[in-house]
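The file entry_9.cif comes next; it holds mmCIF, N, CA and C atoms.
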```cif
data_coords
loop_
_atom_site.label_atom_id
_atom_site.label_comp_id
_atom_site.auth_asym_id
_atom_site.auth_seq_id
_atom_site.Cartn_x
_atom_site.Cartn_y
_atom_site.Cartn_z
N MET A 20 43.61 49.37 85.60
CA MET A 20 44.79 49.47 86.42
C MET A 20 45.90 48.56 85.89
N LEU A 21 45.56 47.32 85.57
CA LEU A 21 46.58 46.39 85.08
C LEU A 21 47.18 46.86 83.77
N ARG A 22 46.37 47.48 82.95
CA ARG A 22 46.86 48.00 81.67
C ARG A 22 47.91 49.10 81.91
N ALA A 23 47.66 49.95 82.89
CA ALA A 23 48.60 51.02 83.21
C ALA A 23 49.92 50.46 83.74
N VAL A 24 49.84 49.45 84.59
CA VAL A 24 51.06 48.82 85.13
C VAL A 24 51.84 48.15 84.00
N ALA A 25 51.14 47.46 83.12
CA ALA A 25 51.80 46.79 82.00
C ALA A 25 52.48 47.81 81.09
N ARG A 26 51.83 48.92 80.84
CA ARG A 26 52.40 49.97 80.00
C ARG A 26 53.66 50.54 80.66
N ALA A 27 53.61 50.76 81.95
CA ALA A 27 54.76 51.29 82.68
C ALA A 27 55.94 50.32 82.58
N TRP A 28 55.67 49.03 82.73
CA TRP A 28 56.74 48.03 82.63
C TRP A 28 57.31 47.97 81.22
N LYS A 29 56.48 48.13 80.23
CA LYS A 29 56.95 48.14 78.84
C LYS A 29 57.92 49.29 78.65
N TRP A 30 57.56 50.46 79.14
CA TRP A 30 58.43 51.63 79.01
C TRP A 30 59.72 51.44 79.79
N ARG A 31 59.64 50.87 80.97
CA ARG A 31 60.84 50.61 81.78
C ARG A 31 61.79 49.68 81.03
N ARG A 32 61.24 48.61 80.46
CA ARG A 32 62.07 47.66 79.69
C ARG A 32 62.72 48.34 78.49
N GLN A 33 61.96 49.22 77.82
CA GLN A 33 62.52 49.93 76.67
C GLN A 33 63.71 50.79 77.08
N LEU A 34 63.59 51.49 78.20
CA LEU A 34 64.68 52.32 78.69
C LEU A 34 65.88 51.47 79.11
N GLU A 35 65.62 50.40 79.85
CA GLU A 35 66.71 49.56 80.34
C GLU A 35 67.44 48.82 79.23
N SER A 36 66.72 48.44 78.20
CA SER A 36 67.33 47.71 77.09
C SER A 36 68.05 48.62 76.10
N GLY A 37 67.78 49.90 76.17
CA GLY A 37 68.38 50.83 75.23
C GLY A 37 67.56 51.01 73.96
N ALA A 38 66.37 50.41 73.91
CA ALA A 38 65.51 50.57 72.75
C ALA A 38 65.11 52.03 72.56
N VAL A 39 65.01 52.76 73.67
CA VAL A 39 64.80 54.21 73.65
C VAL A 39 65.82 54.81 74.62
N SER A 40 66.13 56.06 74.40
CA SER A 40 67.15 56.70 75.25
C SER A 40 66.56 57.52 76.38
N THR A 41 65.38 58.09 76.13
CA THR A 41 64.81 59.01 77.11
C THR A 41 63.30 58.84 77.22
N ILE A 42 62.77 59.42 78.25
CA ILE A 42 61.31 59.45 78.42
C ILE A 42 60.69 60.24 77.28
N GLN A 43 61.38 61.24 76.80
CA GLN A 43 60.89 62.03 75.66
C GLN A 43 60.72 61.15 74.42
N ASP A 44 61.64 60.20 74.20
CA ASP A 44 61.51 59.28 73.07
C ASP A 44 60.23 58.45 73.18
N ILE A 45 59.94 57.99 74.38
CA ILE A 45 58.71 57.22 74.61
C ILE A 45 57.50 58.09 74.35
N ALA A 46 57.52 59.31 74.86
CA ALA A 46 56.39 60.23 74.71
C ALA A 46 56.08 60.49 73.24
N VAL A 47 57.11 60.70 72.46
CA VAL A 47 56.92 60.95 71.03
C VAL A 47 56.33 59.71 70.36
N ALA A 48 56.87 58.54 70.67
CA ALA A 48 56.39 57.29 70.06
C ALA A 48 54.94 56.98 70.46
N GLU A 49 54.57 57.32 71.69
CA GLU A 49 53.23 57.01 72.20
C GLU A 49 52.24 58.16 71.98
N ASN A 50 52.74 59.29 71.48
CA ASN A 50 51.91 60.47 71.25
C ASN A 50 51.26 60.98 72.54
N VAL A 51 52.06 61.03 73.58
CA VAL A 51 51.63 61.57 74.88
C VAL A 51 52.73 62.53 75.36
N SER A 52 52.46 63.23 76.45
CA SER A 52 53.46 64.17 76.96
C SER A 52 54.54 63.42 77.76
N ASP A 53 55.72 64.01 77.81
CA ASP A 53 56.79 63.40 78.59
C ASP A 53 56.46 63.43 80.08
N ARG A 54 55.68 64.41 80.50
CA ARG A 54 55.24 64.47 81.90
C ARG A 54 54.35 63.27 82.23
N PHE A 55 53.47 62.92 81.31
CA PHE A 55 52.59 61.77 81.50
C PHE A 55 53.42 60.48 81.63
N VAL A 56 54.37 60.31 80.75
CA VAL A 56 55.22 59.12 80.79
C VAL A 56 55.99 59.09 82.11
N GLY A 57 56.53 60.22 82.51
CA GLY A 57 57.28 60.28 83.76
C GLY A 57 56.46 59.91 84.98
N ARG A 58 55.20 60.31 84.99
CA ARG A 58 54.32 59.97 86.11
C ARG A 58 53.90 58.51 86.05
N MET A 59 53.54 58.03 84.87
CA MET A 59 53.04 56.67 84.74
C MET A 59 54.13 55.62 84.95
N ILE A 60 55.35 55.92 84.55
CA ILE A 60 56.42 54.92 84.65
C ILE A 60 56.72 54.58 86.11
N ARG A 61 56.31 55.42 87.03
CA ARG A 61 56.48 55.12 88.46
C ARG A 61 55.81 53.80 88.84
N LEU A 62 54.75 53.45 88.12
CA LEU A 62 54.03 52.21 88.42
C LEU A 62 54.91 50.97 88.22
N ALA A 63 55.95 51.11 87.42
CA ALA A 63 56.87 49.98 87.19
C ALA A 63 57.81 49.78 88.38
N TYR A 64 57.73 50.65 89.35
CA TYR A 64 58.62 50.56 90.51
C TYR A 64 57.85 50.29 91.81
N LEU A 65 56.63 49.77 91.66
CA LEU A 65 55.87 49.36 92.84
C LEU A 65 56.52 48.14 93.49
N ALA A 66 56.29 47.98 94.76
CA ALA A 66 56.84 46.84 95.49
C ALA A 66 56.34 45.54 94.88
N PRO A 67 57.18 44.51 94.87
CA PRO A 67 56.74 43.21 94.35
C PRO A 67 55.48 42.68 95.04
N SER A 68 55.33 42.93 96.31
CA SER A 68 54.13 42.46 97.02
C SER A 68 52.86 43.15 96.51
N VAL A 69 52.97 44.41 96.15
CA VAL A 69 51.83 45.14 95.60
C VAL A 69 51.49 44.60 94.22
N LEU A 70 52.51 44.41 93.39
CA LEU A 70 52.28 43.88 92.04
C LEU A 70 51.67 42.48 92.09
N GLU A 71 52.16 41.66 93.00
CA GLU A 71 51.62 40.31 93.14
C GLU A 71 50.15 40.35 93.54
N ALA A 72 49.81 41.20 94.48
CA ALA A 72 48.41 41.31 94.91
C ALA A 72 47.52 41.83 93.78
N LEU A 73 48.03 42.75 92.99
CA LEU A 73 47.25 43.30 91.87
C LEU A 73 47.09 42.29 90.74
N VAL A 74 48.20 41.71 90.32
CA VAL A 74 48.20 40.87 89.12
C VAL A 74 47.73 39.44 89.40
N ILE A 75 48.28 38.82 90.42
CA ILE A 75 47.96 37.42 90.70
C ILE A 75 46.72 37.32 91.58
N GLY A 76 46.69 38.13 92.63
CA GLY A 76 45.57 38.06 93.57
C GLY A 76 44.33 38.81 93.12
N ARG A 77 44.51 39.68 92.12
CA ARG A 77 43.39 40.48 91.61
C ARG A 77 42.66 41.23 92.72
N ARG A 78 43.43 41.69 93.71
CA ARG A 78 42.83 42.44 94.81
C ARG A 78 42.43 43.82 94.32
N PRO A 79 41.26 44.28 94.70
CA PRO A 79 40.82 45.63 94.28
C PRO A 79 41.60 46.70 95.05
N LEU A 80 41.82 47.81 94.39
CA LEU A 80 42.53 48.92 95.01
C LEU A 80 41.63 49.70 95.95
N ALA A 81 42.24 50.25 96.98
CA ALA A 81 41.52 51.12 97.91
C ALA A 81 41.84 52.58 97.60
N ILE A 82 42.57 52.83 96.50
CA ILE A 82 42.98 54.18 96.14
C ILE A 82 42.87 54.40 94.64
N ALA A 83 43.01 55.66 94.22
CA ALA A 83 42.98 56.02 92.80
C ALA A 83 44.36 55.82 92.18
N ILE A 84 44.40 55.72 90.87
CA ILE A 84 45.67 55.49 90.16
C ILE A 84 46.66 56.62 90.41
N ASN A 85 46.20 57.85 90.50
CA ASN A 85 47.11 58.97 90.77
C ASN A 85 47.79 58.81 92.14
N ASP A 86 47.03 58.32 93.11
CA ASP A 86 47.61 58.07 94.43
C ASP A 86 48.60 56.90 94.37
N LEU A 87 48.29 55.91 93.55
CA LEU A 87 49.17 54.76 93.40
C LEU A 87 50.53 55.19 92.84
N MET A 88 50.53 56.12 91.91
CA MET A 88 51.78 56.61 91.36
C MET A 88 52.62 57.29 92.44
N ALA A 89 51.98 58.02 93.34
CA ALA A 89 52.70 58.67 94.43
C ALA A 89 53.22 57.63 95.43
N ILE A 90 52.44 56.62 95.69
CA ILE A 90 52.84 55.57 96.63
C ILE A 90 54.04 54.79 96.11
N ALA A 91 54.18 54.71 94.80
CA ALA A 91 55.31 54.00 94.21
C ALA A 91 56.65 54.61 94.62
N GLU A 92 56.64 55.85 95.06
CA GLU A 92 57.87 56.51 95.49
C GLU A 92 58.23 56.19 96.94
N LEU A 93 57.32 55.57 97.67
CA LEU A 93 57.57 55.22 99.07
C LEU A 93 58.42 53.95 99.16
N PRO A 94 59.04 53.72 100.32
CA PRO A 94 59.76 52.45 100.51
C PRO A 94 58.81 51.26 100.35
N TRP A 95 59.34 50.18 99.82
CA TRP A 95 58.51 49.00 99.53
C TRP A 95 57.77 48.48 100.75
N ASP A 96 58.38 48.52 101.91
CA ASP A 96 57.76 47.89 103.08
C ASP A 96 56.46 48.57 103.52
N GLY A 97 56.22 49.80 103.10
CA GLY A 97 54.99 50.47 103.48
C GLY A 97 53.94 50.56 102.39
N GLN A 98 54.27 50.11 101.19
CA GLN A 98 53.36 50.28 100.07
C GLN A 98 52.11 49.40 100.15
N LEU A 99 52.25 48.16 100.53
CA LEU A 99 51.12 47.21 100.52
C LEU A 99 49.97 47.73 101.39
N GLN A 100 50.27 48.18 102.58
CA GLN A 100 49.24 48.68 103.50
C GLN A 100 48.60 49.94 102.92
N ARG A 101 49.38 50.83 102.34
CA ARG A 101 48.84 52.07 101.78
C ARG A 101 47.94 51.81 100.57
N VAL A 102 48.26 50.80 99.77
CA VAL A 102 47.50 50.52 98.56
C VAL A 102 46.19 49.80 98.86
N PHE A 103 46.24 48.83 99.74
CA PHE A 103 45.06 48.01 99.97
C PHE A 103 44.34 48.29 101.29
N GLY A 104 44.84 49.26 102.03
CA GLY A 104 44.15 49.65 103.27
C GLY A 104 44.30 48.70 104.41
#
```
As structure tokens, how would this structure be written, given the file I've shared?
Amino acid sequence: MLRAVARAWKWRRQLESGAVSTIQDIAVAENVSDRFVGRMIRLAYLAPSVLEALVIGRRPLAIAINDLMAIAELPWDGQLQRVFG
């Protein structure tokens, strides 16, 4: 899980810094589909409280990674409860 979050943040930084222009650029460089990058990059937009619990607190997830990507689209105030139950 932490590896996926780190990868998502790497891609986010590349886009924000201008190192790459599009998700397609990342997909080509990583040899994955642009759809995969688009889904995974959502992890870089998780609430800070969720990231803190995952990275610093090492709390185990109560959901699958695919569900976590969907939860990343929710407002921050509801993510922590949805992720950790």
- Message: Please report the interatomic distance between atom C of Tyr64 in chain A and atom N of Gly97 in chain A in Å with one decimal.
- Response: 11.4 Å
- Message: Taking only C-alpha atoms into account, name the residue in A:Val102, A:Ala48, A:Val39, A:Ala25 that is nearest to Pro79 in chain A.
- Response: A:Val102
- Item | Sel. within 12 Å of pt (63.2, 55.0, 80.8), counting only C-alpha atoms, output as a PyMOL selection string | chain A and resi 26-46+53+56-61+63-64
- Message: One decimal, in Å: what's the spacing between CA of Leu21 in chain A and atom N of Leu73 in chain A?
- Response: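 CA of Leu21 in chain A sits 8.8 Å away from atom N of Leu73 in chain A.
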- So what do you get for CA of Leu99 in chain A versus atom C of Arg54 in chain A, distance-wise?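 Atom-to-atom, CA of Leu99 in chain A and atom C of Arg54 in chain A are spaced 24.6 Å apart.
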- Query: Could you pull out all residues of chain A with a DSSP call of alpha helix (DSSP H) and give them as a ChimeraX atom specification?
  - Reply: /A:21-36,42-49,53-59,67-74,84-90,95-103
Counting only N, CA and C atoms, note down every residue that has an atom within 6 Å of the point (45.0, 56.1, 100.1) (file coordinates), as a short mmCIF file (atom, residue, chain, number, x, y, z; two decimals) with N, CA and C atoms, in the coordinates of the input.
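Wrote point-v1.cif, looks like this:
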```
data_model
loop_
_atom_site.label_atom_id
_atom_site.label_comp_id
_atom_site.auth_asym_id
_atom_site.auth_seq_id
_atom_site.Cartn_x
_atom_site.Cartn_y
_atom_site.Cartn_z
N ALA A 81 42.24 50.25 96.98
CA ALA A 81 41.52 51.12 97.91
C ALA A 81 41.84 52.58 97.60
N ILE A 82 42.57 52.83 96.50
CA ILE A 82 42.98 54.18 96.14
C ILE A 82 42.87 54.40 94.64
N ARG A 101 49.38 50.83 102.34
CA ARG A 101 48.84 52.07 101.78
C ARG A 101 47.94 51.81 100.57
#
```
- Task: Go through A:Leu93, A:Leu87, A:Leu62, A:Ile75 and flag the residue nearest Ala23 in chain A, using only C-alpha atoms for the distances.
- Result: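 Between A:Leu93, A:Leu87, A:Leu62, A:Ile75, the residue approaching Ala23 in chain A most closely is A:Leu62.
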- So which one's closest to Asp96 in chain A, A:Ser68, A:Asn50, A:Arg22, A:Phe55? Using only C-alpha atoms, please. A:Ser68
Filled-in all heavy atoms of range 79-90 of chain A, supplied as a PDB file, keeping the file's coordinate frame:
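What landed in out_14.pdb:
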```pdb
ATOM      1  N   PRO A  79      41.260  44.280  94.700  1.00  0.00           N
ATOM      2  CA  PRO A  79      40.820  45.630  94.280  1.00  0.00           C
ATOM      3  C   PRO A  79      41.600  46.700  95.050  1.00  0.00           C
ATOM      4  O   PRO A  79      41.991  46.509  96.201  1.00  0.00           O
ATOM      5  CB  PRO A  79      39.346  45.654  94.655  1.00  0.00           C
ATOM      6  CG  PRO A  79      39.214  44.646  95.738  1.00  0.00           C
ATOM      7  CD  PRO A  79      40.249  43.592  95.468  1.00  0.00           C
ATOM      8  N   LEU A  80      41.820  47.810  94.390  1.00  0.00           N
ATOM      9  CA  LEU A  80      42.530  48.920  95.010  1.00  0.00           C
ATOM     10  C   LEU A  80      41.630  49.700  95.950  1.00  0.00           C
ATOM     11  O   LEU A  80      40.440  49.829  95.710  1.00  0.00           O
ATOM     12  CB  LEU A  80      43.049  49.877  93.941  1.00  0.00           C
ATOM     13  CG  LEU A  80      44.159  49.378  93.042  1.00  0.00           C
ATOM     14  CD1 LEU A  80      44.447  50.392  91.963  1.00  0.00           C
ATOM     15  CD2 LEU A  80      45.398  49.094  93.844  1.00  0.00           C
ATOM     16  N   ALA A  81      42.240  50.250  96.980  1.00  0.00           N
ATOM     17  CA  ALA A  81      41.520  51.120  97.910  1.00  0.00           C
ATOM     18  C   ALA A  81      41.840  52.580  97.600  1.00  0.00           C
ATOM     19  O   ALA A  81      41.432  53.464  98.344  1.00  0.00           O
ATOM     20  CB  ALA A  81      41.896  50.783  99.345  1.00  0.00           C
ATOM     21  N   ILE A  82      42.570  52.830  96.500  1.00  0.00           N
ATOM     22  CA  ILE A  82      42.980  54.180  96.140  1.00  0.00           C
ATOM     23  C   ILE A  82      42.870  54.400  94.640  1.00  0.00           C
ATOM     24  O   ILE A  82      42.726  53.451  93.874  1.00  0.00           O
ATOM     25  CB  ILE A  82      44.435  54.455  96.587  1.00  0.00           C
ATOM     26  CG1 ILE A  82      45.387  53.475  95.912  1.00  0.00           C
ATOM     27  CG2 ILE A  82      44.581  54.401  98.085  1.00  0.00           C
ATOM     28  CD1 ILE A  82      46.839  53.809  96.069  1.00  0.00           C
ATOM     29  N   ALA A  83      43.010  55.660  94.220  1.00  0.00           N
ATOM     30  CA  ALA A  83      42.980  56.020  92.800  1.00  0.00           C
ATOM     31  C   ALA A  83      44.360  55.820  92.180  1.00  0.00           C
ATOM     32  O   ALA A  83      45.375  55.763  92.878  1.00  0.00           O
ATOM     33  CB  ALA A  83      42.556  57.464  92.649  1.00  0.00           C
ATOM     34  N   ILE A  84      44.400  55.720  90.870  1.00  0.00           N
ATOM     35  CA  ILE A  84      45.670  55.490  90.160  1.00  0.00           C
ATOM     36  C   ILE A  84      46.660  56.620  90.410  1.00  0.00           C
ATOM     37  O   ILE A  84      47.864  56.375  90.526  1.00  0.00           O
ATOM     38  CB  ILE A  84      45.440  55.246  88.653  1.00  0.00           C
ATOM     39  CG1 ILE A  84      46.731  54.718  88.009  1.00  0.00           C
ATOM     40  CG2 ILE A  84      44.954  56.487  87.968  1.00  0.00           C
ATOM     41  CD1 ILE A  84      46.547  54.165  86.635  1.00  0.00           C
ATOM     42  N   ASN A  85      46.200  57.850  90.500  1.00  0.00           N
ATOM     43  CA  ASN A  85      47.110  58.970  90.770  1.00  0.00           C
ATOM     44  C   ASN A  85      47.790  58.810  92.140  1.00  0.00           C
ATOM     45  O   ASN A  85      48.967  59.108  92.296  1.00  0.00           O
ATOM     46  CB  ASN A  85      46.381  60.303  90.706  1.00  0.00           C
ATOM     47  CG  ASN A  85      46.041  60.689  89.289  1.00  0.00           C
ATOM     48  OD1 ASN A  85      46.696  60.271  88.345  1.00  0.00           O
ATOM     49  ND2 ASN A  85      44.999  61.474  89.123  1.00  0.00           N
ATOM     50  N   ASP A  86      47.030  58.320  93.110  1.00  0.00           N
ATOM     51  CA  ASP A  86      47.610  58.070  94.430  1.00  0.00           C
ATOM     52  C   ASP A  86      48.600  56.900  94.370  1.00  0.00           C
ATOM     53  O   ASP A  86      49.613  56.913  95.048  1.00  0.00           O
ATOM     54  CB  ASP A  86      46.510  57.766  95.447  1.00  0.00           C
ATOM     55  CG  ASP A  86      45.590  58.958  95.658  1.00  0.00           C
ATOM     56  OD1 ASP A  86      46.072  60.108  95.572  1.00  0.00           O
ATOM     57  OD2 ASP A  86      44.388  58.743  95.897  1.00  0.00           O
ATOM     58  N   LEU A  87      48.290  55.910  93.550  1.00  0.00           N
ATOM     59  CA  LEU A  87      49.170  54.760  93.400  1.00  0.00           C
ATOM     60  C   LEU A  87      50.530  55.190  92.840  1.00  0.00           C
ATOM     61  O   LEU A  87      51.567  54.683  93.266  1.00  0.00           O
ATOM     62  CB  LEU A  87      48.521  53.710  92.513  1.00  0.00           C
ATOM     63  CG  LEU A  87      49.253  52.386  92.373  1.00  0.00           C
ATOM     64  CD1 LEU A  87      49.392  51.694  93.724  1.00  0.00           C
ATOM     65  CD2 LEU A  87      48.510  51.477  91.404  1.00  0.00           C
ATOM     66  N   MET A  88      50.530  56.120  91.910  1.00  0.00           N
ATOM     67  CA  MET A  88      51.780  56.610  91.360  1.00  0.00           C
ATOM     68  C   MET A  88      52.620  57.290  92.440  1.00  0.00           C
ATOM     69  O   MET A  88      53.844  57.128  92.470  1.00  0.00           O
ATOM     70  CB  MET A  88      51.510  57.574  90.205  1.00  0.00           C
ATOM     71  CG  MET A  88      51.037  56.884  88.955  1.00  0.00           C
ATOM     72  SD  MET A  88      50.836  58.021  87.585  1.00  0.00           S
ATOM     73  CE  MET A  88      49.162  58.574  87.831  1.00  0.00           C
ATOM     74  N   ALA A  89      51.980  58.020  93.340  1.00  0.00           N
ATOM     75  CA  ALA A  89      52.700  58.670  94.430  1.00  0.00           C
ATOM     76  C   ALA A  89      53.220  57.630  95.430  1.00  0.00           C
ATOM     77  O   ALA A  89      54.343  57.755  95.934  1.00  0.00           O
ATOM     78  CB  ALA A  89      51.801  59.675  95.127  1.00  0.00           C
ATOM     79  N   ILE A  90      52.440  56.620  95.690  1.00  0.00           N
ATOM     80  CA  ILE A  90      52.840  55.570  96.630  1.00  0.00           C
ATOM     81  C   ILE A  90      54.040  54.790  96.110  1.00  0.00           C
ATOM     82  O   ILE A  90      54.867  54.303  96.883  1.00  0.00           O
ATOM     83  CB  ILE A  90      51.651  54.650  96.948  1.00  0.00           C
ATOM     84  CG1 ILE A  90      50.652  55.415  97.827  1.00  0.00           C
ATOM     85  CG2 ILE A  90      52.081  53.350  97.604  1.00  0.00           C
ATOM     86  CD1 ILE A  90      49.336  54.712  98.039  1.00  0.00           C
TER      87      ILE A  90
END
```
